[in-house]
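Enquirer: What follows is final-v5.tsv; its format and atoms are TSV, C-alpha atoms.
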```
chain	number	residue	atom	x	y	z
A	4	MET	CA	-15.43	-91.71	-220.63
A	5	LYS	CA	-13.81	-93.46	-223.58
A	6	PRO	CA	-16.01	-95.16	-226.15
A	7	PRO	CA	-16.12	-98.95	-225.85
A	8	LYS	CA	-13.83	-101.30	-227.71
A	9	VAL	CA	-15.37	-104.02	-229.86
A	10	TYR	CA	-13.87	-107.41	-230.70
A	11	LEU	CA	-15.32	-109.81	-233.22
A	12	ALA	CA	-15.02	-113.11	-231.39
A	13	LEU	CA	-16.92	-115.44	-233.73
A	14	ASP	CA	-17.48	-114.43	-237.34
A	15	ALA	CA	-20.47	-116.27	-238.79
A	16	VAL	CA	-19.26	-119.76	-237.94
A	17	THR	CA	-21.42	-122.66	-239.06
A	18	LYS	CA	-20.52	-125.30	-236.50
A	19	THR	CA	-19.74	-125.48	-232.81
A	20	SER	CA	-16.75	-123.20	-232.30
A	21	THR	CA	-14.73	-121.46	-229.60
A	22	SER	CA	-13.15	-118.08	-230.22
A	23	GLU	CA	-9.61	-117.08	-229.46
A	24	GLU	CA	-8.94	-115.70	-226.00
A	25	PHE	CA	-9.34	-111.91	-225.79
A	26	TYR	CA	-7.61	-109.80	-223.16
A	27	ILE	CA	-10.23	-107.95	-221.11
A	28	GLY	CA	-8.08	-107.10	-218.12
A	29	ASP	CA	-8.38	-103.37	-218.80
A	30	PHE	CA	-12.16	-103.37	-218.96
A	31	LYS	CA	-14.45	-102.44	-216.09
A	32	ARG	CA	-17.60	-103.53	-217.91
A	33	VAL	CA	-18.08	-106.10	-220.66
A	34	ALA	CA	-21.08	-106.94	-222.84
A	35	ILE	CA	-21.39	-109.92	-225.17
A	36	LEU	CA	-23.51	-109.55	-228.29
A	37	CYS	CA	-24.68	-112.89	-229.71
A	38	ARG	CA	-26.19	-113.22	-233.17
A	39	ARG	CA	-27.88	-116.17	-234.89
A	40	ALA	CA	-28.68	-116.18	-238.62
A	41	ALA	CA	-29.66	-118.72	-241.28
A	42	HIS	CA	-32.09	-120.25	-238.83
A	43	ASN	CA	-34.18	-123.20	-239.89
A	44	ALA	CA	-35.10	-125.32	-236.93
A	45	GLY	CA	-32.13	-125.36	-234.59
A	46	SER	CA	-30.61	-123.17	-231.92
A	47	THR	CA	-27.34	-121.63	-230.79
A	48	SER	CA	-26.07	-121.62	-227.23
A	49	PHE	CA	-23.45	-118.94	-226.59
A	50	SER	CA	-21.36	-119.42	-223.47
A	51	VAL	CA	-18.29	-117.63	-222.15
A	52	ASN	CA	-15.02	-118.84	-220.68
A	53	THR	CA	-12.77	-116.92	-218.33
A	54	GLY	CA	-9.09	-117.24	-217.54
A	55	PHE	CA	-6.43	-115.42	-215.56
A	56	ALA	CA	-2.96	-114.64	-216.89
A	57	ILE	CA	-1.01	-115.27	-213.73
A	58	ASP	CA	1.99	-113.35	-215.03
A	59	GLY	CA	-0.24	-110.33	-215.60
A	60	SER	CA	0.57	-110.27	-219.30
A	61	ALA	CA	-2.05	-109.61	-221.94
A	62	THR	CA	-0.22	-111.88	-224.35
A	63	THR	CA	-0.12	-114.93	-222.12
A	64	ILE	CA	-3.02	-117.22	-222.93
A	65	PRO	CA	-4.30	-118.74	-219.71
A	66	THR	CA	-6.29	-121.88	-219.04
A	67	MET	CA	-9.92	-121.09	-219.74
A	68	THR	CA	-12.84	-122.24	-217.60
A	69	ALA	CA	-16.58	-121.83	-218.07
A	70	ASN	CA	-17.85	-118.63	-216.46
A	71	VAL	CA	-21.46	-119.17	-215.45
A	72	MET	CA	-21.92	-115.68	-213.99
A	73	MET	CA	-23.02	-113.92	-217.15
A	74	ILE	CA	-25.94	-111.58	-216.42
A	75	LEU	CA	-28.82	-112.35	-218.77
A	76	ASN	CA	-31.17	-109.80	-220.33
A	77	VAL	CA	-34.22	-110.93	-218.39
A	78	GLU	CA	-36.73	-109.00	-216.32
A	79	ASN	CA	-37.03	-109.66	-212.60
A	80	ASP	CA	-39.07	-108.33	-209.72
A	81	ASN	CA	-37.51	-107.09	-206.52
A	82	THR	CA	-37.80	-110.46	-204.80
A	83	GLU	CA	-35.59	-111.94	-207.52
A	84	THR	CA	-31.93	-111.31	-208.18
A	85	ASN	CA	-30.35	-110.83	-211.60
A	86	ILE	CA	-30.31	-114.07	-213.53
A	87	THR	CA	-26.73	-115.26	-213.81
A	88	HIS	CA	-26.35	-118.19	-216.07
A	89	GLY	CA	-23.79	-119.69	-218.39
A	90	SER	CA	-25.30	-119.06	-221.76
A	91	VAL	CA	-27.45	-117.00	-224.10
A	92	VAL	CA	-29.62	-119.33	-226.19
A	93	LEU	CA	-31.12	-118.15	-229.49
A	94	ALA	CA	-33.68	-120.32	-231.27
A	95	ALA	CA	-34.49	-117.85	-234.05
A	96	ASN	CA	-32.68	-115.33	-236.19
A	97	GLY	CA	-31.80	-112.35	-234.07
A	98	ASP	CA	-29.58	-110.81	-231.42
A	99	GLY	CA	-29.29	-111.57	-227.75
A	100	PHE	CA	-26.94	-110.18	-225.18
A	101	GLY	CA	-25.47	-110.73	-221.77
A	102	TRP	CA	-22.99	-108.94	-219.55
A	103	LEU	CA	-20.14	-110.09	-217.37
A	104	ASP	CA	-20.76	-109.39	-213.73
A	105	PRO	CA	-18.02	-106.85	-212.89
A	106	SER	CA	-17.43	-108.74	-209.65
A	107	THR	CA	-16.62	-111.94	-211.51
A	108	MET	CA	-14.34	-110.94	-214.39
A	109	GLY	CA	-11.04	-112.43	-215.50
A	110	THR	CA	-8.12	-111.20	-217.57
A	111	HIS	CA	-9.14	-113.14	-220.68
A	112	LEU	CA	-12.45	-114.10	-222.26
A	113	SER	CA	-13.46	-116.48	-225.00
A	114	VAL	CA	-16.87	-117.26	-226.43
A	115	THR	CA	-18.20	-120.67	-227.44
A	116	ALA	CA	-21.14	-121.11	-229.81
A	117	THR	CA	-22.68	-124.55	-229.57
A	118	GLU	CA	-24.76	-125.35	-232.62
A	119	THR	CA	-27.83	-127.54	-232.56
A	120	THR	CA	-28.91	-128.57	-236.05
A	121	ASP	CA	-28.21	-125.43	-238.08
A	122	GLY	CA	-27.50	-121.73	-238.15
A	123	THR	CA	-24.74	-119.18	-238.52
A	124	HIS	CA	-23.27	-117.89	-235.29
A	125	THR	CA	-21.54	-114.60	-234.52
A	126	ALA	CA	-20.37	-113.05	-231.27
A	127	TYR	CA	-18.85	-109.71	-230.30
A	128	ILE	CA	-17.16	-108.65	-227.08
A	129	ILE	CA	-17.74	-104.99	-226.15
A	130	GLY	CA	-15.60	-103.57	-223.37
A	131	TRP	CA	-15.56	-100.28	-221.48
A	132	GLU	CA	-12.33	-99.21	-219.82
A	133	ASP	CA	-13.98	-96.76	-217.46
B	14	MET	CA	-20.31	-83.13	-213.64
B	15	THR	CA	-23.26	-82.14	-215.77
B	16	PRO	CA	-25.41	-84.78	-217.43
B	17	LYS	CA	-26.29	-84.62	-221.09
B	18	VAL	CA	-29.97	-84.67	-221.98
B	19	THR	CA	-31.29	-86.00	-225.27
B	20	THR	CA	-34.92	-85.61	-226.23
B	21	ALA	CA	-35.91	-88.98	-227.63
B	22	LEU	CA	-39.64	-88.31	-228.10
B	23	ASP	CA	-40.85	-84.73	-228.20
B	24	GLY	CA	-44.57	-84.49	-227.51
B	25	VAL	CA	-45.65	-87.05	-230.09
B	26	VAL	CA	-49.36	-87.81	-230.42
B	27	ALA	CA	-49.25	-91.26	-232.00
B	28	THR	CA	-47.34	-94.51	-231.59
B	29	THR	CA	-43.75	-93.58	-232.41
B	30	THR	CA	-40.20	-94.96	-232.20
B	31	SER	CA	-37.35	-92.58	-231.51
B	32	ASN	CA	-34.07	-92.37	-233.33
B	33	GLN	CA	-31.27	-94.51	-232.03
B	34	ILE	CA	-29.37	-92.60	-229.38
B	35	TYR	CA	-25.66	-93.20	-228.73
B	36	ILE	CA	-24.97	-93.82	-225.05
B	37	GLY	CA	-21.61	-95.58	-225.34
B	38	ASP	CA	-19.80	-92.77	-223.51
B	39	TYR	CA	-22.08	-92.81	-220.48
B	40	LYS	CA	-21.43	-94.54	-217.19
B	41	ARG	CA	-24.97	-93.92	-215.94
B	42	VAL	CA	-28.21	-93.40	-217.84
B	43	ALA	CA	-31.65	-92.33	-216.66
B	44	ILE	CA	-34.75	-92.26	-218.84
B	45	LEU	CA	-37.68	-89.96	-218.16
B	46	PHE	CA	-41.08	-90.81	-219.63
B	47	ARG	CA	-43.81	-88.15	-219.71
B	48	ARG	CA	-47.53	-88.37	-220.53
B	49	ALA	CA	-49.69	-85.23	-221.03
B	50	ASP	CA	-53.13	-84.35	-222.40
B	51	ASN	CA	-54.61	-87.39	-220.73
B	52	ALA	CA	-58.26	-88.19	-221.38
B	53	GLY	CA	-58.28	-91.74	-220.07
B	54	GLY	CA	-55.81	-93.55	-222.30
B	55	THR	CA	-52.34	-95.01	-221.84
B	56	SER	CA	-48.77	-94.41	-222.96
B	57	LYS	CA	-46.59	-97.53	-222.95
B	58	PHE	CA	-42.87	-96.85	-223.26
B	59	ASP	CA	-40.54	-99.67	-224.37
B	60	VAL	CA	-36.76	-99.49	-224.53
B	61	LYS	CA	-34.50	-101.39	-226.92
B	62	ALA	CA	-30.71	-101.56	-226.91
B	63	GLY	CA	-28.03	-102.43	-229.41
B	64	PHE	CA	-24.28	-102.52	-229.93
B	65	ALA	CA	-22.47	-100.80	-232.78
B	66	THR	CA	-20.09	-103.56	-233.78
B	67	ASP	CA	-17.79	-101.13	-235.59
B	68	GLY	CA	-17.55	-99.02	-232.45
B	69	LEU	CA	-18.95	-95.95	-234.18
B	70	ALA	CA	-21.54	-93.70	-232.62
B	71	SER	CA	-22.96	-92.98	-236.06
B	72	THR	CA	-23.71	-96.60	-236.90
B	73	ASP	CA	-27.25	-97.69	-236.15
B	74	PRO	CA	-27.11	-101.24	-234.79
B	75	THR	CA	-29.75	-103.93	-234.67
B	76	MET	CA	-31.97	-103.21	-231.69
B	77	THR	CA	-33.25	-105.79	-229.20
B	78	THR	CA	-35.58	-105.51	-226.22
B	79	TYR	CA	-33.63	-104.28	-223.19
B	80	SER	CA	-34.95	-105.89	-220.01
B	81	MET	CA	-32.50	-104.40	-217.52
B	82	LEU	CA	-34.16	-101.07	-216.73
B	83	ILE	CA	-34.18	-100.49	-212.99
B	84	ASP	CA	-37.74	-99.68	-212.00
B	85	ASN	CA	-38.60	-96.92	-209.53
B	86	VAL	CA	-40.39	-99.16	-207.04
B	87	ALA	CA	-40.20	-99.33	-203.27
B	88	ASN	CA	-38.59	-102.25	-201.52
B	89	THR	CA	-39.43	-103.68	-198.17
B	90	ASN	CA	-36.40	-104.67	-196.16
B	91	GLY	CA	-37.12	-108.24	-197.19
B	92	GLU	CA	-36.77	-107.23	-200.82
B	93	THR	CA	-33.23	-106.18	-201.40
B	94	ASN	CA	-33.00	-106.37	-205.17
B	95	TYR	CA	-33.70	-103.98	-208.00
B	96	ALA	CA	-36.73	-104.78	-210.09
B	97	HIS	CA	-35.74	-104.90	-213.76
B	98	THR	CA	-38.18	-104.21	-216.56
B	99	ALA	CA	-38.26	-103.58	-220.30
B	100	SER	CA	-41.12	-101.10	-220.34
B	101	HIS	CA	-43.30	-98.76	-218.34
B	102	SER	CA	-46.88	-97.62	-218.83
B	103	ILE	CA	-48.58	-94.43	-217.68
B	104	ALA	CA	-52.33	-94.96	-217.60
B	105	ALA	CA	-55.17	-92.50	-217.17
B	106	SER	CA	-53.07	-89.66	-215.82
B	107	ASN	CA	-50.65	-86.93	-216.72
B	108	ALA	CA	-47.42	-87.96	-215.08
B	109	ASP	CA	-43.69	-88.47	-215.21
B	110	VAL	CA	-42.10	-91.87	-214.67
B	111	PHE	CA	-38.44	-92.67	-214.65
B	112	VAL	CA	-36.21	-95.69	-214.88
B	113	TRP	CA	-32.46	-96.22	-215.01
B	114	MET	CA	-30.29	-98.51	-217.10
B	115	ASP	CA	-28.51	-100.95	-214.83
B	116	PRO	CA	-24.86	-99.76	-214.88
B	117	LEU	CA	-23.81	-103.41	-214.93
B	118	CYS	CA	-25.56	-103.81	-218.29
B	119	PRO	CA	-24.41	-101.09	-220.70
B	120	ALA	CA	-25.02	-100.78	-224.45
B	121	THR	CA	-23.86	-98.39	-227.16
B	122	HIS	CA	-27.31	-97.35	-228.41
B	123	ILE	CA	-30.91	-97.29	-227.19
B	124	ASN	CA	-34.19	-96.26	-228.67
B	125	ILE	CA	-37.62	-95.76	-227.15
B	126	THR	CA	-41.01	-96.66	-228.54
B	127	VAL	CA	-44.19	-95.19	-227.16
B	128	THR	CA	-47.38	-97.06	-227.91
B	129	GLU	CA	-50.45	-94.89	-227.61
B	130	THR	CA	-53.81	-96.20	-226.50
B	131	THR	CA	-56.65	-93.77	-227.16
B	132	ASP	CA	-55.04	-90.41	-226.45
B	133	GLY	CA	-52.24	-88.41	-224.94
B	134	THR	CA	-49.05	-86.57	-225.75
B	135	HIS	CA	-45.91	-88.57	-225.14
B	136	SER	CA	-42.32	-87.52	-224.45
B	137	ALA	CA	-39.15	-89.29	-223.42
B	138	TYR	CA	-35.73	-88.00	-222.43
B	139	VAL	CA	-32.39	-89.79	-222.06
B	140	ILE	CA	-30.11	-88.35	-219.38
B	141	GLY	CA	-26.51	-89.56	-219.40
B	142	TRP	CA	-23.53	-89.03	-217.13
B	143	GLU	CA	-20.07	-89.58	-218.55
B	144	ASP	CA	-18.43	-89.97	-215.16
```
Written as C-alpha coordinates, how would this file's structure read?
Expert:
Amino acid sequence: MKPPKVYLALDAVTKTSTSEEFYIGDFKRVAILCRRAAHNAGSTSFSVNTGFAIDGSATTIPTMTANVMMILNVENDNTETNITHGSVVLAANGDGFGWLDPSTMGTHLSVTATETTDGTHTAYIIGWED
Amino acid sequence: MTPKVTTALDGVVATTTSNQIYIGDYKRVAILFRRADNAGGTSKFDVKAGFATDGLASTDPTMTTYSMLIDNVANTNGETNYAHTASHSIAASNADVFVWMDPLCPATHINITVTETTDGTHSAYVIGWED
(Lines of atoms letter the chains of each structure in order from A and count residues from 1; the text may use other names and numbers.)
(Lines give C-alpha, C1' and ligand atoms only; values in the text may rest on other atoms or scores of the structure.)
Protein backbone atom coordinates (compact mmCIF):
# COMPACT_ATOMS: atom_id res chain seq x y z
CA MET A 1 0.00 0.00 0.00
CA LYS A 2 1.26 3.47 -0.87
CA PRO A 3 1.89 5.96 1.91
CA PRO A 4 -0.79 8.63 2.26
CA LYS A 5 -0.68 12.00 0.57
CA VAL A 6 -0.96 15.12 2.71
CA TYR A 7 -2.37 18.49 1.67
CA LEU A 8 -2.15 21.63 3.76
CA ALA A 9 -5.64 23.04 3.38
CA LEU A 10 -5.56 25.92 5.88
CA ASP A 11 -2.23 27.30 7.04
CA ALA A 12 -2.61 29.05 10.39
CA VAL A 13 -5.38 31.39 9.32
CA THR A 14 -6.62 33.89 11.89
CA LYS A 15 -10.18 34.47 10.72
CA THR A 16 -13.01 32.45 9.26
CA SER A 17 -11.64 30.94 6.05
CA THR A 18 -12.36 28.31 3.43
CA SER A 19 -9.56 26.43 1.73
CA GLU A 20 -9.15 25.85 -1.96
CA GLU A 21 -10.81 22.77 -3.40
CA PHE A 22 -8.56 19.68 -3.35
CA TYR A 23 -9.01 16.76 -5.71
CA ILE A 24 -9.62 13.59 -3.69
CA GLY A 25 -11.13 11.48 -6.44
CA ASP A 26 -8.24 9.02 -6.32
CA PHE A 27 -8.48 8.42 -2.59
CA LYS A 28 -10.27 5.50 -0.98
CA ARG A 29 -9.90 6.88 2.55
CA VAL A 30 -9.53 10.46 3.75
CA ALA A 31 -8.72 11.90 7.17
CA ILE A 32 -8.91 15.56 8.16
CA LEU A 33 -6.51 16.83 10.81
CA CYS A 34 -7.70 20.04 12.49
CA ARG A 35 -5.44 22.17 14.66
CA ARG A 36 -6.21 25.16 16.88
CA ALA A 37 -3.48 27.35 18.38
CA ALA A 38 -3.19 30.77 20.06
CA HIS A 39 -6.27 29.95 22.08
CA ASN A 40 -7.57 32.46 24.57
CA ALA A 41 -11.28 32.05 25.07
CA GLY A 42 -12.79 31.17 21.71
CA SER A 43 -13.25 28.12 19.54
CA THR A 44 -12.79 26.85 16.00
CA SER A 45 -15.35 24.86 14.07
CA PHE A 46 -13.86 22.90 11.17
CA SER A 47 -16.33 21.72 8.56
CA VAL A 48 -15.87 20.10 5.16
CA ASN A 49 -17.45 20.70 1.78
CA THR A 50 -17.77 18.19 -1.03
CA GLY A 51 -18.22 18.62 -4.76
CA PHE A 52 -18.28 16.50 -7.89
CA ALA A 53 -16.45 17.38 -11.08
CA ILE A 54 -19.06 16.25 -13.55
CA ASP A 55 -16.54 16.16 -16.39
CA GLY A 56 -14.37 13.82 -14.34
CA SER A 57 -11.45 16.23 -14.42
CA ALA A 58 -9.28 16.88 -11.40
CA THR A 59 -8.75 20.45 -12.55
CA THR A 60 -12.40 21.39 -12.83
CA ILE A 61 -13.55 23.10 -9.66
CA PRO A 62 -17.09 22.01 -8.90
CA THR A 63 -19.81 23.60 -6.84
CA MET A 64 -19.12 22.77 -3.21
CA THR A 65 -21.77 21.77 -0.68
CA ALA A 66 -21.51 21.06 3.04
CA ASN A 67 -20.78 17.39 3.72
CA VAL A 68 -22.25 16.49 7.09
CA MET A 69 -21.14 12.85 6.99
CA MET A 70 -17.71 13.29 8.53
CA ILE A 71 -17.04 10.51 11.05
CA LEU A 72 -16.04 12.03 14.38
CA ASN A 73 -13.44 10.63 16.78
CA VAL A 74 -15.93 9.71 19.48
CA GLU A 75 -16.49 6.49 21.38
CA ASN A 76 -19.77 4.62 21.01
CA ASP A 77 -21.28 1.43 22.34
CA ASN A 78 -22.75 -1.22 20.10
CA THR A 79 -26.26 0.22 20.32
CA GLU A 80 -24.95 3.45 18.81
CA THR A 81 -23.68 4.06 15.30
CA ASN A 82 -20.63 6.12 14.38
CA ILE A 83 -21.26 9.79 14.97
CA THR A 84 -21.47 11.53 11.61
CA HIS A 85 -21.62 15.24 11.92
CA GLY A 86 -20.59 18.30 9.98
CA SER A 87 -17.77 19.64 12.05
CA VAL A 88 -14.87 19.15 14.45
CA VAL A 89 -15.01 21.81 17.16
CA LEU A 90 -11.88 22.70 19.16
CA ALA A 91 -12.19 24.99 22.19
CA ALA A 92 -8.57 24.69 23.32
CA ASN A 93 -5.15 24.46 21.76
CA GLY A 94 -4.74 21.03 20.25
CA ASP A 95 -5.54 18.62 17.45
CA GLY A 96 -8.78 16.95 16.51
CA PHE A 97 -9.60 14.74 13.61
CA GLY A 98 -12.39 13.30 11.55
CA TRP A 99 -12.68 11.01 8.56
CA LEU A 100 -14.80 11.05 5.45
CA ASP A 101 -17.16 8.13 5.29
CA PRO A 102 -15.89 6.19 2.25
CA SER A 103 -19.51 5.70 1.20
CA THR A 104 -20.09 9.44 1.02
CA MET A 105 -17.05 10.91 -0.73
CA GLY A 106 -16.85 13.34 -3.63
CA THR A 107 -14.20 14.25 -6.18
CA HIS A 108 -13.20 17.47 -4.43
CA LEU A 109 -12.95 18.57 -0.82
CA SER A 110 -12.50 21.90 0.89
CA VAL A 111 -12.26 22.75 4.57
CA THR A 112 -13.83 25.73 6.34
CA ALA A 113 -12.59 27.00 9.70
CA THR A 114 -15.15 29.17 11.44
CA GLU A 115 -13.56 31.29 14.12
CA THR A 116 -15.32 32.35 17.29
CA THR A 117 -13.44 35.12 19.10
CA ASP A 118 -9.80 34.12 18.56
CA GLY A 119 -7.29 31.49 17.59
CA THR A 120 -5.11 30.30 14.76
CA HIS A 121 -6.58 27.58 12.58
CA THR A 122 -4.86 24.91 10.49
CA ALA A 123 -6.21 21.93 8.58
CA TYR A 124 -4.64 19.07 6.65
CA ILE A 125 -6.22 16.57 4.29
CA ILE A 126 -4.63 13.10 4.39
CA GLY A 127 -5.61 10.68 1.65
CA TRP A 128 -4.90 7.01 0.98
CA GLU A 129 -5.16 5.77 -2.59
CA ASP A 130 -5.53 2.13 -1.63
CA MET B 1 -0.22 -11.77 2.74
CA THR B 2 1.75 -11.74 5.96
CA PRO B 3 1.09 -9.11 8.59
CA LYS B 4 3.88 -7.10 10.15
CA VAL B 5 4.17 -7.19 13.92
CA THR B 6 5.67 -4.37 15.95
CA THR B 7 6.30 -4.74 19.66
CA ALA B 8 5.09 -1.49 21.17
CA LEU B 9 5.51 -2.39 24.85
CA ASP B 10 7.78 -5.27 25.76
CA GLY B 11 7.06 -6.58 29.25
CA VAL B 12 7.26 -3.22 31.01
CA VAL B 13 6.66 -3.13 34.76
CA ALA B 14 5.63 0.50 35.24
CA THR B 15 3.40 3.06 33.55
CA THR B 16 4.98 3.53 30.11
CA THR B 17 4.27 5.11 26.72
CA SER B 18 5.56 3.40 23.61
CA ASN B 19 7.38 4.98 20.74
CA GLN B 20 5.29 6.32 17.92
CA ILE B 21 4.71 3.56 15.39
CA TYR B 22 4.19 4.30 11.69
CA ILE B 23 1.06 2.60 10.35
CA GLY B 24 0.47 4.74 7.26
CA ASP B 25 1.07 1.80 4.92
CA TYR B 26 -1.47 -0.49 6.56
CA LYS B 27 -5.01 -1.11 5.43
CA ARG B 28 -5.90 -3.01 8.60
CA VAL B 29 -4.44 -2.82 12.09
CA ALA B 30 -4.97 -5.01 15.15
CA ILE B 31 -3.57 -4.27 18.59
CA LEU B 32 -2.89 -6.98 21.15
CA PHE B 33 -2.65 -6.05 24.82
CA ARG B 34 -1.14 -8.52 27.30
CA ARG B 35 -1.01 -8.54 31.11
CA ALA B 36 1.18 -11.01 33.06
CA ASP B 37 2.46 -11.45 36.63
CA ASN B 38 -0.92 -10.46 37.99
CA ALA B 39 -1.30 -10.13 41.75
CA GLY B 40 -4.58 -8.26 41.80
CA GLY B 41 -3.82 -5.03 39.96
CA THR B 42 -4.78 -3.57 36.60
CA SER B 43 -3.20 -2.67 33.27
CA LYS B 44 -5.01 0.10 31.38
CA PHE B 45 -3.98 0.47 27.75
CA ASP B 46 -4.74 3.73 25.92
CA VAL B 47 -4.13 4.40 22.23
CA LYS B 48 -3.34 7.75 20.63
CA ALA B 49 -3.08 8.58 16.95
CA GLY B 50 -1.50 11.30 14.87
CA PHE B 51 -0.80 12.38 11.32
CA ALA B 52 2.65 13.19 9.96
CA THR B 53 1.85 16.34 8.05
CA ASP B 54 5.01 16.06 5.95
CA GLY B 55 4.02 12.54 4.94
CA LEU B 56 7.18 11.03 6.39
CA ALA B 57 7.21 7.87 8.45
CA SER B 58 10.13 9.21 10.45
CA THR B 59 8.35 12.34 11.63
CA ASP B 60 6.74 12.04 15.04
CA PRO B 61 3.43 13.92 14.92
CA THR B 62 1.35 15.39 17.69
CA MET B 63 -0.65 12.57 19.23
CA THR B 64 -4.33 12.74 20.21
CA THR B 65 -6.63 10.24 21.89
CA TYR B 66 -7.95 7.78 19.30
CA SER B 67 -11.52 6.77 20.11
CA MET B 68 -12.20 4.53 17.11
CA LEU B 69 -10.81 1.20 18.32
CA ILE B 70 -13.27 -1.57 17.57
CA ASP B 71 -13.84 -3.46 20.79
CA ASN B 72 -14.01 -7.26 20.93
CA VAL B 73 -17.52 -7.44 22.39
CA ALA B 74 -20.46 -9.63 21.49
CA ASN B 75 -23.51 -8.21 19.80
CA THR B 76 -27.06 -9.38 20.09
CA ASN B 77 -28.92 -9.32 16.82
CA GLY B 78 -30.52 -6.09 18.01
CA GLU B 79 -27.09 -4.53 18.29
CA THR B 80 -25.63 -4.31 14.85
CA ASN B 81 -22.87 -1.77 15.37
CA TYR B 82 -19.25 -1.95 16.41
CA ALA B 83 -18.48 -0.60 19.84
CA HIS B 84 -15.68 1.97 19.59
CA THR B 85 -13.36 2.74 22.46
CA ALA B 86 -10.13 4.58 23.21
CA SER B 87 -8.77 2.19 25.82
CA HIS B 88 -8.98 -1.23 27.38
CA SER B 89 -8.22 -2.45 30.88
CA ILE B 90 -7.19 -5.91 32.07
CA ALA B 91 -7.96 -6.25 35.77
CA ALA B 92 -6.97 -8.91 38.26
CA SER B 93 -5.95 -11.52 35.72
CA ASN B 94 -3.27 -12.59 33.31
CA ALA B 95 -4.87 -12.22 29.92
CA ASP B 96 -4.74 -11.07 26.33
CA VAL B 97 -7.19 -8.53 24.94
CA PHE B 98 -7.37 -7.26 21.43
CA VAL B 99 -8.93 -4.41 19.53
CA TRP B 100 -8.81 -3.23 15.94
CA MET B 101 -8.50 0.22 14.39
CA ASP B 102 -11.63 0.97 12.41
CA PRO B 103 -10.47 0.78 8.76
CA LEU B 104 -12.68 3.78 8.03
CA CYS B 105 -10.57 5.85 10.42
CA PRO B 106 -6.87 5.51 9.54
CA ALA B 107 -3.90 7.50 10.84
CA THR B 108 -0.19 7.59 10.04
CA HIS B 109 1.10 6.94 13.58
CA ILE B 110 -0.13 5.47 16.85
CA ASN B 111 1.33 5.00 20.27
CA ILE B 112 0.18 3.04 23.28
CA THR B 113 0.32 3.97 26.94
CA VAL B 114 -0.08 1.40 29.67
CA THR B 115 -1.03 2.69 33.08
CA GLU B 116 -0.15 0.29 35.85
CA THR B 117 -2.17 -0.03 39.02
CA THR B 118 -0.37 -1.98 41.74
CA ASP B 119 1.42 -4.69 39.76
CA GLY B 120 1.84 -6.63 36.57
CA THR B 121 3.95 -6.92 33.46
CA HIS B 122 2.50 -5.21 30.42
CA SER B 123 3.00 -5.77 26.70
CA ALA B 124 1.38 -4.48 23.54
CA TYR B 125 1.80 -5.44 19.91
CA VAL B 126 0.69 -3.70 16.71
CA ILE B 127 -0.19 -6.04 13.85
CA GLY B 128 -0.61 -4.45 10.43
CA TRP B 129 -1.70 -5.71 7.04
CA GLU B 130 -0.65 -3.76 3.97
CA ASP B 131 -3.31 -5.28 1.74
Enquirer: Identify which of the residues B:Ala108, B:Met114, B:Leu22, B:Ala43 lies closest to Ser80 in chain B, counting all atoms listed in the file when measuring atom-to-atom distances.
Expert: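 Once distances to Ser80 in chain B are computed over all atoms listed in the file, the minimum belongs to B:Met114.
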Enquirer: Hey, which of A:Val114, A:Ile57, A:Ile128, A:Leu13 ends up closest to chain B? Count only C-alpha atoms.
Expert: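 Looking at the shortest contact to chain B, the residue is A:Ile128.
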Enquirer: Determine the nearest neighbour of chain B from the options A:Leu75, A:Ala41, A:Ala94, A:Val16, counting all atoms listed in the file.
Expert: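 Of the candidates, the smallest distance to chain B is held by A:Leu75.
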Enquirer: Chain A residues within 7 Å of chain B, counting all atoms listed in the file: which ones, as JSON, numbers by chain?
Expert: {"A": [4, 5, 6, 7, 8, 9, 32, 76, 77, 78, 79, 80, 81, 82, 83, 84, 98, 102, 104]}
Enquirer: Quick one: pull the distance between CA of Ala21 in chain B and CA of Gly54 in chain B, Å, one decimal.
Expert: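 CA of Ala21 in chain B sits 21.1 Å away from CA of Gly54 in chain B.
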Enquirer: CA of Glu118 in chain A to CA of Phe49 in chain A: how many Å, to one decimal?
Expert: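 Spanning CA of Glu118 in chain A to CA of Phe49 in chain A is a straight-line distance of 8.9 Å.
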